[in-house]
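Source file coords-v8.cif; content: mmCIF, C-alpha atoms.
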data_coords
loop_
_atom_site.label_atom_id
_atom_site.label_comp_id
_atom_site.auth_asym_id
_atom_site.auth_seq_id
_atom_site.Cartn_x
_atom_site.Cartn_y
_atom_site.Cartn_z
CA ALA P 1042 113.44 119.38 102.81
CA VAL P 1043 114.62 115.98 101.51
CA GLU P 1044 117.07 115.60 104.40
CA LEU P 1045 114.20 116.16 106.84
CA GLY P 1046 112.25 113.42 105.13
CA ASN P 1047 109.36 115.66 104.09
CA LEU P 1048 109.21 114.44 100.51
CA ASN P 1049 105.90 116.08 99.65
CA LEU P 1050 107.33 119.45 100.66
CA ALA P 1051 110.51 118.72 98.71
CA VAL P 1052 108.60 117.88 95.54
CA ALA P 1053 106.45 120.99 95.86
CA SER P 1054 109.49 123.19 96.49
CA PHE P 1055 111.49 121.84 93.56
CA ASP P 1056 108.47 122.06 91.27
CA SER P 1057 107.78 125.66 92.28
CA ALA P 1058 111.42 126.60 91.74
CA ARG P 1059 111.63 125.06 88.27
CA ARG P 1060 108.37 126.69 87.20
CA LEU P 1061 109.52 130.11 88.38
CA ASP P 1062 112.82 129.65 86.55
CA PRO P 1063 112.77 126.87 83.89
CA SER P 1064 116.55 127.34 83.43
CA PHE P 1065 117.18 126.40 87.10
CA TYR P 1066 119.09 123.18 86.36
CA GLU P 1067 119.42 121.94 89.97
CA ALA P 1068 115.68 122.33 90.58
CA GLN P 1069 114.90 120.29 87.46
CA MET P 1070 117.31 117.54 88.50
CA ASN P 1071 116.15 117.42 92.12
CA TYR P 1072 112.48 117.35 91.12
CA ALA P 1073 113.21 114.53 88.67
CA ALA P 1074 115.25 112.51 91.19
CA VAL P 1075 112.61 112.63 93.93
CA ASN P 1076 109.85 111.62 91.50
CA LEU P 1077 111.97 108.81 90.08
CA ARG P 1078 112.55 107.45 93.56
CA PHE P 1079 108.82 107.07 94.14
CA ARG P 1080 107.88 105.87 90.66
CA GLY P 1081 106.61 109.20 89.35
CA PHE P 1082 108.08 108.36 85.98
CA THR P 1083 106.09 110.81 83.85
CA GLN P 1084 107.08 113.76 86.04
CA ALA P 1085 110.69 112.56 86.22
CA GLU P 1086 110.93 112.18 82.44
CA ASP P 1087 109.59 115.70 81.89
CA ALA P 1088 112.08 117.24 84.34
CA TYR P 1089 115.07 115.29 82.97
CA ARG P 1090 114.21 116.44 79.44
CA HIS P 1091 114.12 120.05 80.64
CA ALA P 1092 117.47 119.53 82.38
CA LEU P 1093 119.02 118.21 79.17
CA LYS P 1094 117.87 121.30 77.29
CA ILE P 1095 119.89 123.32 79.80
CA ASN P 1096 122.89 120.98 79.90
CA PRO P 1097 122.73 118.57 76.93
CA ASN P 1098 125.92 116.68 77.83
CA ASP P 1099 125.18 115.97 81.49
CA TYR P 1100 125.68 112.27 82.25
CA ASP P 1101 123.38 112.17 85.29
CA ALA P 1102 120.50 113.70 83.33
CA HIS P 1103 120.93 111.19 80.50
CA LEU P 1104 121.06 108.29 82.97
CA GLY P 1105 118.03 109.58 84.86
CA LEU P 1106 116.05 109.95 81.64
CA ALA P 1107 116.91 106.38 80.65
CA LEU P 1108 115.62 105.13 84.01
CA ALA P 1109 112.46 107.22 83.75
CA LEU P 1110 111.48 106.08 80.26
CA ARG P 1111 108.61 103.63 80.58
CA PRO P 1112 107.04 102.72 77.23
CA THR P 1113 103.47 101.45 77.20
CA LEU P 1114 102.28 98.48 75.15
CA GLU P 1115 98.56 98.31 74.33
CA VAL P 1116 96.80 95.34 72.76
CA ARG P 1117 93.09 95.18 71.92
CA ASN P 1118 90.59 92.40 71.24
CA VAL P 1119 92.50 89.46 72.73
CA ALA P 1120 90.87 86.00 72.71
CA LEU P 1121 91.78 82.49 73.87
CA SER P 1122 89.78 79.75 72.16
CA ASN P 1123 87.92 77.02 74.00
CA PRO P 1124 88.61 73.35 73.30
CA PRO P 1125 85.83 71.57 71.36
CA GLY P 1126 82.73 70.57 73.29
CA PHE P 1127 82.34 73.55 75.61
CA SER P 1128 79.61 76.16 75.87
CA ARG P 1129 81.14 79.01 73.88
CA PRO P 1130 83.86 79.53 71.24
CA ASP P 1131 86.30 81.43 73.51
CA MET P 1132 87.36 80.55 77.03
CA ALA P 1133 88.61 84.10 77.60
CA THR P 1134 88.38 87.46 75.87
CA LEU P 1135 89.89 90.83 76.71
CA ASP P 1136 88.82 94.18 75.31
CA ARG P 1137 92.15 95.88 76.07
CA ILE P 1138 95.39 95.23 77.93
CA GLU P 1139 97.87 97.98 78.73
CA VAL P 1140 101.37 97.25 80.05
CA GLN P 1141 103.97 99.82 81.05
CA VAL P 1142 107.49 98.46 81.50
CA GLY P 1143 110.95 99.79 82.33
CA ILE P 1144 113.69 99.64 79.67
CA ILE P 1145 116.90 99.68 81.73
CA PRO P 1146 115.90 96.76 84.03
CA LEU P 1147 115.66 94.52 80.94
CA LEU P 1148 119.44 94.76 80.60
CA SER P 1149 119.72 93.01 83.97
CA LYS P 1150 117.17 90.33 83.04
CA ARG P 1151 114.47 91.99 85.11
CA ILE P 1152 110.99 92.75 83.81
CA GLU P 1153 109.55 95.63 85.81
CA VAL P 1154 105.88 96.13 85.04
CA ASP P 1155 104.93 99.50 86.46
CA ARG P 1156 101.31 99.34 85.37
CA LEU P 1157 99.13 96.47 84.16
CA ILE P 1158 95.57 97.36 83.15
CA LEU P 1159 92.96 94.83 82.03
CA ILE P 1160 89.78 96.28 80.54
CA LYS P 1161 86.70 94.05 80.24
CA PRO P 1162 88.29 90.63 80.76
CA ASP P 1163 85.71 87.86 80.29
CA VAL P 1164 86.83 84.44 81.53
CA ALA P 1165 84.54 81.38 81.54
CA LEU P 1166 85.97 78.32 83.29
CA GLU P 1167 83.90 75.17 82.97
CA THR P 1168 83.82 71.40 83.01
CA ASP P 1169 81.88 69.09 80.73
CA GLU P 1170 79.58 66.21 81.75
CA LYS P 1171 82.60 63.87 82.01
CA GLY P 1172 84.49 66.22 84.30
CA ASN P 1173 86.99 67.44 81.72
CA ASN P 1174 87.90 71.11 82.14
CA ASN P 1175 88.71 73.81 79.62
CA TRP P 1176 91.75 75.30 81.36
CA THR P 1177 94.17 72.36 81.19
CA PHE P 1178 96.25 72.52 78.06
CA VAL P 1179 98.05 69.29 77.15
CA PRO P 1180 100.92 69.78 74.66
CA GLU P 1181 101.09 67.48 71.67
CA THR P 1182 103.66 64.67 71.83
CA PRO P 1183 106.68 65.67 69.71
CA ALA P 1184 107.26 63.60 66.59
CA VAL P 1185 110.97 63.29 67.37
CA ALA P 1186 112.82 62.95 70.60
CA PRO P 1187 114.10 66.28 71.96
CA LYS P 1188 117.79 67.01 71.70
CA PRO P 1189 119.80 66.48 74.89
CA THR P 1190 120.40 69.58 76.97
CA VAL P 1191 123.95 70.89 76.75
CA ALA P 1192 125.39 71.94 80.09
CA PRO P 1193 126.68 75.53 80.22
CA GLU P 1194 130.41 76.05 80.13
CA ALA P 1195 132.23 76.70 83.38
CA GLY P 1196 132.17 80.37 84.24
CA GLY P 1197 129.19 81.04 81.99
CA SER P 1198 125.98 82.66 83.04
CA GLY P 1199 124.12 79.35 82.93
CA GLY P 1200 121.11 81.08 81.37
CA ALA P 1201 119.98 83.03 84.42
CA SER P 1202 116.20 83.22 84.56
CA MET P 1203 114.30 86.46 84.02
CA SER P 1204 112.73 87.93 87.15
CA VAL P 1205 109.35 89.67 86.97
CA ALA P 1206 107.97 92.40 89.24
CA VAL P 1207 104.51 93.96 88.93
CA HIS P 1208 103.80 97.18 90.84
CA ASP P 1209 100.32 98.39 89.91
CA VAL P 1210 97.47 96.21 88.63
CA ARG P 1211 94.01 97.42 87.64
CA VAL P 1212 91.02 95.44 86.38
CA GLU P 1213 87.87 97.13 85.14
CA GLU P 1214 84.52 95.62 84.12
CA GLY P 1215 85.71 92.04 84.47
CA HIS P 1216 83.41 89.04 84.14
CA PHE P 1217 84.47 85.66 85.53
CA SER P 1218 82.39 82.51 85.74
CA TYR P 1219 82.61 78.83 86.60
CA ARG P 1220 80.16 76.28 85.20
CA ASP P 1221 79.91 72.69 86.45
CA GLY P 1222 79.06 70.50 83.47
CA LYS P 1223 77.57 67.77 85.65
CA THR P 1224 75.30 69.84 87.89
CA LYS P 1225 74.83 72.71 85.40
CA ASP P 1226 75.43 75.14 88.27
CA THR P 1227 77.16 78.41 87.38
CA ARG P 1228 78.89 80.89 89.69
CA ARG P 1229 79.52 84.43 88.46
CA LEU P 1230 81.90 87.12 89.63
CA VAL P 1231 81.65 90.63 88.16
CA VAL P 1232 84.63 92.84 89.01
CA LYS P 1233 83.59 96.45 88.58
CA LYS P 1234 87.02 97.69 89.62
CA LEU P 1235 90.06 96.08 91.23
CA THR P 1236 93.34 97.80 92.07
CA VAL P 1237 96.47 96.21 93.54
CA GLN P 1238 99.49 98.33 94.42
CA MET P 1239 102.96 97.59 95.79
CA GLN P 1240 106.40 99.13 95.43
CA SER P 1241 108.02 95.69 95.00
CA ALA P 1242 107.52 92.03 95.87
CA SER P 1243 109.23 92.73 99.20
CA SER P 1244 106.98 95.73 100.02
CA PRO P 1245 103.50 95.81 101.59
CA LEU P 1246 100.50 95.30 99.32
CA HIS P 1247 97.36 97.42 99.17
CA ALA P 1248 94.25 96.31 97.27
CA THR P 1249 90.70 97.56 96.80
CA ALA P 1250 87.85 95.85 94.97
CA ASP P 1251 84.26 96.59 94.04
CA PHE P 1252 82.51 93.47 92.74
CA ASP P 1253 79.37 91.35 92.56
CA LEU P 1254 79.36 87.67 93.51
CA ASP P 1255 76.31 85.86 92.14
CA GLY P 1256 74.42 89.15 92.20
CA ALA P 1257 75.48 90.24 95.70
CA ALA P 1258 77.37 93.57 95.74
CA LEU P 1259 80.60 93.53 97.78
CA THR P 1260 83.47 95.93 98.46
CA LEU P 1261 86.84 94.92 99.83
CA THR P 1262 89.95 96.66 101.11
CA ALA P 1263 93.07 94.66 101.94
CA ASP P 1264 96.50 95.53 103.31
CA THR P 1265 99.00 92.71 103.65
CA GLY P 1266 102.68 92.06 103.98
CA PRO P 1267 104.99 91.50 100.99
CA LEU P 1268 104.07 88.91 98.38
CA ASP P 1269 107.52 87.31 98.49
CA ARG P 1270 106.62 85.90 101.92
CA LEU P 1271 104.12 83.64 100.16
CA THR P 1272 106.99 81.97 98.28
CA GLY P 1273 109.34 81.57 101.21
CA GLY P 1274 111.11 84.94 100.98
CA GLY P 1275 111.65 87.35 103.83
CA SER P 1276 111.06 86.66 107.49
CA GLY P 1277 108.90 87.69 110.41
CA ALA P 1278 105.15 87.78 110.91
CA TRP P 1279 103.06 88.64 107.85
CA PRO P 1280 100.46 91.35 108.61
CA VAL P 1281 96.91 91.00 107.29
CA LYS P 1282 94.13 93.57 107.44
CA ILE P 1283 90.99 92.97 105.38
CA ALA P 1284 87.65 94.78 105.49
CA MET P 1285 84.60 93.68 103.49
CA THR P 1286 81.16 95.23 103.12
CA ALA P 1287 78.02 93.62 101.68
CA ALA P 1288 74.88 95.77 101.80
CA SER P 1289 74.62 96.81 105.47
CA ALA P 1290 76.81 93.94 106.73
CA LYS P 1291 80.50 94.41 107.51
CA ALA P 1292 83.27 91.95 108.28
CA ALA P 1293 86.95 92.38 109.07
CA ILE P 1294 90.11 90.34 109.62
CA ASP P 1295 93.09 91.85 111.42
CA GLY P 1296 96.29 90.24 112.64
CA THR P 1297 99.36 88.35 111.48
CA ILE P 1298 100.39 85.02 110.02
CA GLY P 1299 103.71 83.66 111.25
CA ASP P 1300 104.36 81.48 108.21
CA PRO P 1301 102.15 82.55 105.29
CA ASN P 1302 103.94 80.17 102.93
CA GLY P 1303 102.94 77.19 105.06
CA GLY P 1304 99.72 78.65 106.48
CA LYS P 1305 100.99 78.35 110.06
CA GLY P 1306 101.13 80.66 113.04
CA LEU P 1307 97.73 82.29 112.60
CA ASP P 1308 97.06 85.16 114.96
CA LEU P 1309 93.94 86.72 113.48
CA ALA P 1310 90.97 88.53 114.96
CA PHE P 1311 87.60 88.30 113.17
CA SER P 1312 84.78 90.78 113.59
CA ALA P 1313 81.36 91.15 111.98
CA ASP P 1314 78.50 93.60 112.11
CA ILE P 1315 75.38 92.20 110.49
#

Would you mind giving the structure from this file in structure tokens?
Amino acid sequence: AVELGNLNLAVASFDSARRLDPSFYEAQMNYAAVNLRFRGFTQAEDAYRHALKINPNDYDAHLGLALALRPTLEVRNVALSNPPGFSRPDMATLDRIEVQVGIIPLLSKRIEVDRLILIKPDVALETDEKGNNNWTFVPETPAVAPKPTVAPEAGGSGGASMSVAVHDVRVEEGHFSYRDGKTKDTRRLVVKKLTVQMQSASSPLHATADFDLDGAALTLTADTGPLDRLTGGGSGAWPVKIAMTAASAKAAIDGTIGDPNGGKGLDLAFSADI
């Protein structure tokens, strides 16, 4: 079934076989491998653990389990204080953040975030009457001059930077606002639910959102090309398909952007039904 490319059938077949005979080692391994390939880490971990009960010394099962392990970090009641002189004590608060990361990629200086969940973020951006904002953080001037940077030795790693990839993002019950200190005008965005999914930075992106903008209810669905095209990576036209609904009105954008990094080569069709 895998050779024919019917992965759903393959997963169902392997799962059925391992349930009928839990000691069927090959079914456990095949079920785990297919799930691991498509980021079904929980299912892969369970199958690899069953496989190791059958064959405790199998190298492939140990390696697969290491790749499937994705610990989750959860932090509650996060807050970022406001500078003095603004409307409330905290610029941002967060009821809960949940991050699931891969262990093995860290050994290669890669942070793979499989799931990032933000519950009840509350962010208030604002300016005061003089135009100063609360989101620019100016570091204090060091008391002593910094030490000169030492160049890495020839042949060394040179301190390769850590790469970061985020695959699944979810925001629930988010509140975001912007207040102009001069005009006293305030804009408010309430995100009831937002999901963003992608296999990698070089894979297509899918997003859905249900939100209110200044009291107007809106829903949005977006499918775009890979995010790395926005930073100069990849090549070719960047597909864009966005649909938005507000009450009985609908609007859509469909087409491609030749150079999304530079905002050039627009070939987009707009439609609206009001």

For the PyMOL selection byres ((chain P and resi 1137) around 10), applied here, can you spell out every residue it catches as a PyMOL selection string?
chain P and resi 1115-1119+1134-1136+1138-1139+1158-1162

Pull out every residue that the PyMOL selection byres ((chain P and resi 1221) around 12) matches in the shown coordinates and put them as JSON, numbers by chain.
{"P": [1127, 1128, 1165, 1166, 1167, 1168, 1169, 1170, 1171, 1172, 1173, 1174, 1175, 1218, 1219, 1220, 1222, 1223, 1224, 1225, 1226, 1227, 1228, 1229]}

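Each of P:Ala1250, P:Ala1278, P:Ile1095, P:Val1210 was compared to Gly1306 in chain P using only C-alpha atoms, and P:Ala1278 turns out to be the nearest.
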
Write out as a tab-separated table (two decimals) with C-alpha atoms, keeping the file's coordinate frame the residues lying within 6 Å of Glu1153 in chain P, counting all atoms listed in the file and excluding same-chain residues fewer than 2 positions away.
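For reference, result.tsv as written:
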chain	number	residue	atom	x	y	z
P	1142	VAL	CA	107.49	98.46	81.50
P	1143	GLY	CA	110.95	99.79	82.33
P	1206	ALA	CA	107.97	92.40	89.24

Do you know which residues the PyMOL selection byres ((chain P and resi 1205) around 9) returns on this file, as a PyMOL selection string?
chain P and resi 1150-1154+1203-1204+1206-1207

From (82.7, 94.6, 105.8), in the file's coordinates, out to 8 Å: which residues are reached, counting only C-alpha atoms? Answer as a PDB file with C-alpha atoms, in the coordinates of the input.
ATOM      1  CA  THR P1260      83.470  95.930  98.460  1.00  0.00           C
ATOM      2  CA  LEU P1261      86.840  94.920  99.830  1.00  0.00           C
ATOM      3  CA  ALA P1284      87.650  94.780 105.490  1.00  0.00           C
ATOM      4  CA  MET P1285      84.600  93.680 103.490  1.00  0.00           C
ATOM      5  CA  THR P1286      81.160  95.230 103.120  1.00  0.00           C
ATOM      6  CA  ALA P1287      78.020  93.620 101.680  1.00  0.00           C
ATOM      7  CA  ALA P1290      76.810  93.940 106.730  1.00  0.00           C
ATOM      8  CA  LYS P1291      80.500  94.410 107.510  1.00  0.00           C
ATOM      9  CA  ALA P1292      83.270  91.950 108.280  1.00  0.00           C
ATOM     10  CA  ALA P1293      86.950  92.380 109.070  1.00  0.00           C
ATOM     11  CA  ALA P1313      81.360  91.150 111.980  1.00  0.00           C
ATOM     12  CA  ASP P1314      78.500  93.600 112.110  1.00  0.00           C
TER      13      ASP P1314
END

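One finds CA of Pro1146 in chain P at 22.2 Å from CA of Arg1211 in chain P.
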
For the atom pair CA of Ala1068 in chain P and CA of Thr1113 in chain P, what is the interatomic distance in Å to one decimal place?
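One can read the CA of Ala1068 in chain P to CA of Thr1113 in chain P distance as 27.6 Å.
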
Using Å and a single decimal, report how far CA of Glu1213 in chain P sits from CA of Asp1131 in chain P.
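So the two atoms, CA of Asp1131 in chain P and CA of Glu1213 in chain P, lie 19.6 Å apart.
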
Which residue out of P:Ala1074, P:Val1237, P:Gly1273, P:Val1231 has the minimum interatomic distance to Leu1254 in chain P when all atoms listed in the file are used?
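Closest to Leu1254 in chain P of all the choices is P:Val1231.
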
Can you work out which one of P:Gln1069, P:Ser1243, P:Thr1262, P:Ser1276 has the shortest atom-to-atom distance to Ala1085 in chain P, counting all atoms listed in the file?
P:Gln1069

May I have the protein, DNA and RNA residues with an atom at most 12 Å from (105.2, 85.7, 108.0), counting all atoms listed in the file in the file's coordinates, returned as a ChimeraX atom specification?
/P:1243,1265-1281,1296-1308

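Shortest separation to Lys1094 in chain P among P:Arg1078, P:Ala1120, P:Phe1065, P:Leu1230 occurs at residue P:Phe1065, atoms counted being only C-alpha atoms.
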
If we count all atoms listed in the file and set the cut-off at 10 Å, which residues sit around range 1082-1084 of chain P, ignoring sequence neighbours fewer than 2 positions away in its own chain? Please answer as an NGL selection string.
:P and (1056 or 1072-1080 or 1086-1089 or 1106 or 1108-1111 or 1143 or 1155)

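With all atoms listed in the file as the basis for measurement, P:Ser1289 is the residue among P:Ser1289, P:Ser1054, P:Ser1241, P:Thr1177 that approaches Ile1315 in chain P most closely.
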
Which one of P:Asn1123, P:Ser1149, P:Gln1141, P:Thr1236 sits closest to Phe1178 in chain P if you count only C-alpha atoms?
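Checking each candidate against Phe1178 in chain P, we get P:Asn1123 as the closest.
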
With only C-alpha atoms as the counted atoms, please give the residues lying no more than 6 Å from Asp1163 in chain P, apart from itself and same-chain residues fewer than 3 positions off, as a count of residues only.
5
